[in-house]
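Shown next: protein-v3.cif, containing mmCIF, C-alpha atoms and all ligand atoms.
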```
data_entry
loop_
_atom_site.label_atom_id
_atom_site.label_comp_id
_atom_site.auth_asym_id
_atom_site.auth_seq_id
_atom_site.Cartn_x
_atom_site.Cartn_y
_atom_site.Cartn_z
CA MET A 259 17.06 -27.06 -103.68
CA THR A 260 19.71 -28.68 -105.87
CA GLN A 261 23.42 -28.19 -105.24
CA ASP A 262 24.25 -28.74 -108.92
CA ASN A 263 25.66 -25.92 -110.93
CA PRO A 264 22.81 -25.29 -113.38
CA SER A 265 23.71 -24.93 -117.04
CA LYS A 266 22.66 -21.70 -118.74
CA ASP A 267 19.55 -23.20 -120.43
CA ASN A 268 18.32 -24.58 -117.10
CA TRP A 269 18.41 -21.16 -115.53
CA GLY A 270 14.87 -20.07 -116.46
CA THR A 271 13.38 -23.27 -115.00
CA ILE A 272 15.43 -22.98 -111.82
CA LYS A 273 14.32 -19.40 -111.28
CA GLN A 274 10.68 -20.34 -111.94
CA LYS A 275 10.99 -22.93 -109.17
CA LEU A 276 12.42 -20.27 -106.86
CA ILE A 277 9.45 -18.01 -107.57
CA GLU A 278 7.04 -20.86 -106.89
CA THR A 279 8.91 -21.70 -103.68
CA LYS A 280 8.64 -18.13 -102.46
CA GLN A 281 4.93 -18.08 -103.28
CA GLN A 282 4.52 -21.36 -101.37
CA TRP A 283 6.33 -19.82 -98.36
CA ALA A 284 3.73 -17.07 -98.30
CA LYS A 285 0.92 -19.64 -98.30
CA GLU A 286 2.53 -21.62 -95.48
CA LYS A 287 3.61 -18.50 -93.59
CA ARG A 288 7.14 -19.91 -93.46
CA LEU A 289 9.83 -18.37 -91.26
CA ILE A 290 7.31 -16.58 -89.07
CA THR A 291 8.52 -16.53 -85.46
CA GLY A 292 5.46 -14.66 -84.20
CA THR A 293 7.50 -12.08 -82.35
CA SER A 294 8.31 -8.49 -83.04
CA GLY A 295 11.74 -7.03 -82.49
CA ASP A 296 12.92 -3.82 -80.93
CA ARG A 297 14.87 -1.94 -83.57
CA ASN A 298 16.60 0.10 -80.88
CA GLN A 299 17.77 -2.94 -78.88
CA GLU A 300 18.73 -5.54 -81.46
CA ARG A 301 20.46 -5.36 -84.77
CA LEU A 302 18.79 -8.44 -86.29
CA PRO A 303 14.99 -8.38 -86.85
CA PRO A 304 13.03 -11.48 -85.72
CA GLY A 305 13.67 -14.65 -87.75
CA GLN A 306 16.66 -13.20 -89.63
CA ARG A 307 20.26 -14.44 -89.75
CA GLU A 308 23.33 -12.50 -90.75
CA VAL A 309 25.19 -13.30 -93.96
CA LYS A 310 28.54 -11.89 -95.07
CA ASN A 311 28.01 -12.37 -98.81
CA TRP A 312 25.37 -10.54 -100.84
CA PRO A 313 22.82 -12.98 -102.36
CA VAL A 314 21.26 -12.19 -105.75
CA LEU A 315 17.47 -12.47 -106.13
CA ASP A 316 15.59 -11.76 -109.32
CA LEU A 317 12.94 -13.16 -111.66
CA GLY A 318 15.44 -14.79 -114.00
CA ILE A 319 16.03 -11.68 -116.08
CA GLN A 320 18.92 -9.31 -115.42
CA PRO A 321 18.40 -6.42 -117.84
CA ASP A 322 21.55 -5.04 -119.43
CA ILE A 323 20.89 -1.35 -120.01
CA ALA A 324 23.51 0.66 -121.87
CA ALA A 325 24.03 4.17 -120.49
CA GLN A 326 22.80 5.74 -123.73
CA ASP A 327 19.49 3.82 -123.53
CA TRP A 328 18.88 4.31 -119.82
CA ARG A 329 16.04 6.63 -118.75
CA LEU A 330 14.38 7.30 -115.43
CA GLN A 331 10.88 8.69 -115.51
CA VAL A 332 9.23 10.20 -112.43
CA ASP A 333 5.57 10.96 -113.08
CA GLY A 334 1.98 10.74 -111.86
CA LEU A 335 0.65 13.15 -109.26
CA VAL A 336 3.58 15.56 -109.39
CA LYS A 337 3.90 19.21 -110.34
CA LYS A 338 7.01 18.65 -112.42
CA PRO A 339 7.32 15.22 -114.05
CA VAL A 340 10.82 14.37 -115.26
CA ALA A 341 12.46 11.93 -117.66
CA TRP A 342 16.18 11.93 -116.99
CA ASP A 343 18.78 10.42 -119.26
CA TRP A 344 22.08 9.23 -117.83
CA SER A 345 23.88 12.56 -118.12
CA LYS A 346 21.01 14.50 -116.49
CA PHE A 347 20.82 11.96 -113.70
CA GLN A 348 24.56 12.45 -113.03
CA GLN A 349 23.87 16.07 -112.15
CA LEU A 350 21.76 15.16 -109.12
CA PRO A 351 23.43 15.45 -105.70
CA LEU A 352 25.15 12.22 -104.59
CA ARG A 353 25.36 11.29 -100.92
CA GLU A 354 26.86 8.49 -98.83
CA PHE A 355 24.56 6.14 -96.90
CA VAL A 356 25.25 3.16 -94.61
CA SER A 357 22.48 0.65 -93.91
CA ASP A 358 21.53 -2.97 -93.26
CA ILE A 359 19.67 -5.18 -95.75
CA HIS A 360 16.89 -7.50 -94.55
CA CYS A 361 15.53 -9.94 -97.13
CA VAL A 362 12.27 -11.78 -96.44
CA THR A 363 14.04 -15.08 -97.24
CA ALA A 364 15.70 -14.50 -93.83
CA TRP A 365 19.16 -13.19 -94.69
CA SER A 366 20.39 -9.84 -93.42
CA ARG A 367 23.57 -8.04 -94.41
CA PHE A 368 24.96 -5.34 -92.14
CA ASP A 369 26.77 -2.09 -92.93
CA ASN A 370 26.30 -1.68 -96.65
CA HIS A 371 27.99 1.48 -97.92
CA TRP A 372 25.91 3.07 -100.62
CA GLN A 373 26.28 6.12 -102.76
CA GLY A 374 23.25 7.61 -104.42
CA VAL A 375 20.58 10.24 -104.61
CA ALA A 376 18.27 10.63 -101.60
CA THR A 377 14.65 9.85 -102.52
CA ARG A 378 13.79 13.11 -100.74
CA ALA A 379 15.94 15.02 -103.21
CA ILE A 380 13.97 13.42 -106.07
CA LEU A 381 10.65 14.31 -104.42
CA ASP A 382 11.81 17.88 -103.85
CA ILE A 383 12.39 18.24 -107.59
CA VAL A 384 9.16 16.67 -108.87
CA THR A 385 7.00 17.99 -105.97
CA PRO A 386 4.09 15.59 -105.33
CA HIS A 387 0.55 17.01 -105.28
CA ASP A 388 -1.29 17.02 -101.94
CA GLN A 389 -3.37 13.93 -102.88
CA ALA A 390 -0.25 11.81 -103.50
CA ARG A 391 -0.03 8.88 -101.03
CA PHE A 392 1.79 6.01 -102.78
CA VAL A 393 4.85 5.32 -104.89
CA ILE A 394 4.97 2.50 -107.43
CA CYS A 395 8.46 1.56 -108.61
CA HIS A 396 8.67 0.03 -112.09
CA SER A 397 11.74 -1.81 -113.31
CA TYR A 398 13.33 -2.78 -116.63
CA ASP A 399 12.63 -6.49 -115.96
CA GLY A 400 8.89 -5.84 -115.55
CA TYR A 401 9.04 -5.99 -111.74
CA THR A 402 6.95 -3.57 -109.71
CA THR A 403 6.68 -2.83 -106.00
CA ASN A 404 4.48 -0.40 -104.05
CA LEU A 405 5.34 1.78 -101.06
CA THR A 406 3.62 4.53 -99.18
CA LEU A 407 4.97 7.95 -100.06
CA ALA A 408 6.12 8.25 -96.43
CA ASP A 409 8.15 5.00 -96.57
CA PHE A 410 9.66 5.96 -99.92
CA ALA A 411 10.58 9.36 -98.48
CA ALA A 412 12.36 7.91 -95.41
CA GLU A 413 15.53 9.80 -94.56
CA ASP A 414 17.70 6.74 -95.28
CA ALA A 415 16.06 5.81 -98.61
CA LEU A 416 17.97 6.36 -101.84
CA LEU A 417 18.39 5.63 -105.50
CA ALA A 418 21.72 3.85 -105.32
CA VAL A 419 24.41 4.05 -108.00
CA ALA A 420 27.31 2.55 -106.03
CA TRP A 421 27.91 -0.08 -103.33
CA GLU A 422 31.19 -0.39 -101.43
CA GLY A 423 32.82 2.15 -103.71
CA LYS A 424 31.93 0.47 -107.01
CA PRO A 425 29.07 1.03 -109.44
CA ILE A 426 26.10 -1.24 -108.60
CA SER A 427 26.65 -4.38 -110.63
CA ARG A 428 24.12 -5.52 -113.19
CA GLU A 429 23.08 -8.53 -111.06
CA HIS A 430 22.32 -6.24 -108.11
CA GLY A 431 20.21 -3.87 -110.20
CA GLY A 432 22.62 -1.40 -111.76
CA PRO A 433 22.90 1.17 -113.06
CA VAL A 434 20.31 2.50 -110.58
CA ARG A 435 18.35 0.62 -107.90
CA VAL A 436 16.18 1.69 -105.00
CA VAL A 437 17.29 1.05 -101.40
CA VAL A 438 14.67 1.40 -98.64
CA PRO A 439 16.48 -0.02 -95.59
CA LYS A 440 13.56 0.04 -93.14
CA LEU A 441 11.52 -2.45 -95.24
CA TYR A 442 12.23 -5.97 -96.50
CA PHE A 443 14.48 -5.85 -99.54
CA TRP A 444 11.80 -6.85 -102.07
CA LYS A 445 10.59 -3.24 -101.65
CA SER A 446 13.93 -2.06 -103.09
CA ALA A 447 13.46 -2.22 -106.87
CA LYS A 448 16.50 -3.11 -108.97
CA TRP A 449 16.99 -1.78 -112.55
CA LEU A 450 14.75 1.17 -111.78
CA LYS A 451 12.92 2.62 -114.79
CA ARG A 452 9.97 4.60 -113.51
CA ILE A 453 8.74 6.09 -110.25
CA GLU A 454 4.99 6.57 -110.34
CA ILE A 455 3.44 8.83 -107.69
CA THR A 456 -0.25 8.08 -107.11
CA ASP A 457 -3.22 8.47 -104.80
CA GLN A 458 -4.04 4.75 -105.28
CA ASP A 459 -2.13 1.82 -103.90
CA LYS A 460 -1.17 -0.79 -106.52
CA PRO A 461 0.26 -4.00 -105.01
CA GLY A 462 3.32 -5.10 -106.98
CA TYR A 463 4.90 -8.38 -108.11
CA TRP A 464 5.39 -10.03 -104.70
CA GLU A 465 2.55 -8.18 -102.99
CA VAL A 466 -0.02 -9.87 -105.28
CA ARG A 467 1.70 -13.22 -104.61
CA GLY A 468 1.03 -13.26 -100.88
CA TYR A 469 3.72 -10.94 -99.57
CA HIS A 470 2.85 -8.19 -97.12
CA ASN A 471 1.76 -4.85 -98.49
CA ARG A 472 4.16 -2.91 -96.24
CA GLY A 473 6.96 -5.32 -95.24
CA ASP A 474 8.39 -3.98 -91.97
CA PRO A 475 11.04 -6.53 -90.83
CA TRP A 476 10.75 -5.48 -87.18
CA GLU A 477 7.04 -6.33 -87.18
CA GLU A 478 7.76 -9.45 -89.24
CA GLU A 479 5.42 -8.29 -91.97
CA ARG A 480 6.48 -11.07 -94.31
CA TYR A 481 3.09 -12.19 -95.64
CA GLY A 482 -0.51 -11.08 -95.81
CA ARG A 483 -1.89 -7.57 -95.78
N1 LIG B 501 13.57 -5.19 -110.63
C1 LIG B 501 13.62 -6.08 -109.63
N2 LIG B 501 13.84 -5.62 -108.39
C2 LIG B 501 13.91 -6.49 -107.35
C3 LIG B 501 13.70 -7.87 -107.53
C4 LIG B 501 13.45 -8.33 -108.87
O1 LIG B 501 13.26 -9.53 -109.12
N3 LIG B 501 13.43 -7.39 -109.88
N4 LIG B 501 13.75 -8.73 -106.45
C5 LIG B 501 13.54 -8.15 -105.12
C6 LIG B 501 13.91 -9.04 -104.05
S1 LIG B 501 12.82 -10.27 -103.66
C7 LIG B 501 15.03 -8.84 -103.31
S2 LIG B 501 15.37 -9.76 -101.92
C8 LIG B 501 16.05 -7.86 -103.72
C9 LIG B 501 17.34 -8.58 -104.03
O2 LIG B 501 18.34 -7.68 -104.35
P1 LIG B 501 19.80 -8.26 -104.58
O3 LIG B 501 19.70 -9.27 -105.69
O4 LIG B 501 20.65 -7.11 -104.93
O5 LIG B 501 20.20 -8.91 -103.29
O6 LIG B 501 15.68 -7.13 -104.87
C10 LIG B 501 14.31 -6.84 -104.96
N5 LIG B 501 14.13 -5.98 -106.12
MO MO B 502 13.54 -11.03 -101.48
#
```
If you took the structure in this file and wrote it as structure tokens, what would it be?
Amino acid sequence: MTQDNPSKDNWGTIKQKLIETKQQWAKEKRLITGTSGDRNQERLPPGQREVKNWPVLDLGIQPDIAAQDWRLQVDGLVKKPVAWDWSKFQQLPLREFVSDIHCVTAWSRFDNHWQGVATRAILDIVTPHDQARFVICHSYDGYTTNLTLADFAAEDALLAVAWEGKPISREHGGPVRVVVPKLYFWKSAKWLKRIEITDQDKPGYWEVRGYHNRGDPWEEERYGR
């Protein structure tokens, strides 16, 4: 990859190359160490290295959503679908969370302090039907990612509004992004727009491009099904 500082009009091309590179990694099964880690013994999952900064990864679009235009829809197989605007969303209970980030491109970042709404609190409000098994997250940049309802409902999963005491920046997916710490970070949708609860799995942006359907870092579920 080039060390040059790309000019603004090169940005789309550069990001396209990044997407192609990541797709190529899936084909070549890059970074696979072939081991599984013990999440109770080691902090770093297999094949990962710790970084102190927080890298930005996206598809070349960083949506800029004004508070008055922002909506979050939660729908599908639920008893009470909702469409919150910013002021309604503010009324949900905020909690503090601390967790590590593990990106499939091999960087991990420890001890991120988040503030946000527990995904369980969201599910309690909308109340999924008994047939519900999957959650599809849809974002303002067109990105999607799929999770099982159980993974989405993990006790440490949240819709984050703040990181290290400050509102989530636009580049990191603000105003609201998902954080599911137990899975690779591509499962954590930035610029969240819609949470679809379904009985059918729908592989998302990276999942249809060779990335693993579940993405557990400790099992090194980087690629494949
Ligand atoms: N909406 C959206 N969410 C996304 C992505 C994206 O391109 N669009 N990229 C994913 C990937 S591959 C990663 S590693 C993380 C990166 O989040 P960060 O830029 O805050 O580090 O967001 C995930 N969520
Ligand atoms: Mo990623």
What are the closest atom pairs, with distances in Å to one decimal, for all residues of chain A lying within 6 Å of ligand LIG 501 (chain B)? Consider only C-alpha atoms and all ligand atoms, order rows by chain and residue number, and present the result as a Markdown table.
```
| residue | atom | partner | partner_atom | distance |
| --- | --- | --- | --- | --- |
| A:Trp312 | CA | B:LIG501 | O5 | 5.9 |
| A:Pro313 | CA | B:LIG501 | O5 | 4.9 |
| A:Val314 | CA | B:LIG501 | O3 | 3.3 |
| A:Leu315 | CA | B:LIG501 | O3 | 3.9 |
| A:Asp316 | CA | B:LIG501 | O1 | 3.2 |
| A:Leu317 | CA | B:LIG501 | O1 | 4.4 |
| A:Cys361 | CA | B:LIG501 | S2 | 4.8 |
| A:Ser397 | CA | B:LIG501 | N1 | 4.7 |
| A:Asp399 | CA | B:LIG501 | N1 | 5.6 |
| A:Tyr401 | CA | B:LIG501 | N1 | 4.7 |
| A:His430 | CA | B:LIG501 | O4 | 3.7 |
| A:Phe443 | CA | B:LIG501 | S2 | 4.7 |
| A:Trp444 | CA | B:LIG501 | C6 | 3.6 |
| A:Ser446 | CA | B:LIG501 | N5 | 5.0 |
| A:Ala447 | CA | B:LIG501 | N2 | 3.7 |
| A:Lys448 | CA | B:LIG501 | N2 | 3.7 |
| A:Trp449 | CA | B:LIG501 | N1 | 5.2 |
```
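Using only C-alpha atoms and all ligand atoms, the nearest neighbour of ligand MO 502 (chain B) within the list A:Ile290, A:Ala324, A:Val362, A:Leu330 is A:Val362.
Atom CA of A:Ile394 is found 24.0 Å from atom CA of A:Val356.
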Quiz prompt | Nearest to ligand MO 502 (chain B), chosen from A:Ser366, A:Gln299, A:Thr271, A:Thr291, with only C-alpha atoms and all ligand atoms counted in the distances | solution =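 Of all the options, A:Ser366 lies closest to ligand MO 502 (chain B).
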Quiz prompt | Nearest to A:Lys275 by atom-to-atom distance, counting all atoms listed in the file, from A:Gly318, A:Arg288, A:Asn311, A:Pro351 | solution = A:Gly318
Exercise. Figure out the distance between atom CA of A:Asn404 and atom CA of A:Asp388, please, to one decimal in Å.
Key: 18.5 Å
Quiz item: Residues at most 8 Å from stretch 464-468 of chain A, counting only C-alpha atoms, excluding those fewer than 6 positions away in the same chain, as a list of chain:residue names?
Solution: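 Answer for this query is A:Gln281, A:Ala284, A:Lys285, A:Thr403, A:Trp444, A:Tyr481, A:Gly482.
Across the structure, atom CA of A:Glu478 and atom CA of A:Val436 are spaced 21.1 Å apart.
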Quiz item: Which residue gives the smallest distance to A:Gln326 among A:Lys346, A:Val437, A:Val309, A:Arg367, with all atoms listed in the file counted?
Solution: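 Smallest separation from A:Gln326 among the options: A:Lys346.
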Quiz item: With only C-alpha atoms as the atoms that count, which of A:Leu350, A:Ile319, A:Ala418, A:Leu407 lies nearest to A:His371?
Solution: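 Closest to A:His371 of all the choices is A:Ala418.
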Exercise. Find the residues around A:Asn298 up to 12 Å (all atoms listed in the file counted), leave out those fewer than 4 positions away in its own chain, and share them as a list in words.
Key: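 My reading of the contact set: Leu302, Pro303 and Trp476 of chain A.
For the residues A:Phe347, A:Trp421, A:Trp283, A:Phe355, ranking by smallest atom-to-atom distance to ligand MO 502 (chain B) using all atoms listed in the file places A:Trp283 first.
Taking all atoms listed in the file, the non-local environment of A:Glu413 within 9 Å (same-chain residues fewer than 4 positions away omitted) comprises A:Ala376, A:Thr377, A:Arg378.
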Practice problem: Could you give me, as JSON, numbers by chain, the residues within 9 Å of A:Leu441, counting all atoms listed in the file and dropping anything in the same chain fewer than 4 positions from it? | Solution: {"A": [359, 360, 361, 409, 445, 446, 472, 473, 474, 475, 476]}
Quiz item: Hey, what's within 12 Å of A:Ala390 if we count only C-alpha atoms and toss same-chain stuff fewer than 4 positions away? As a VMD selection string, please?
Solution: chain A and resid 333 to 337 381 384 to 386 394 405 to 408 454 to 459
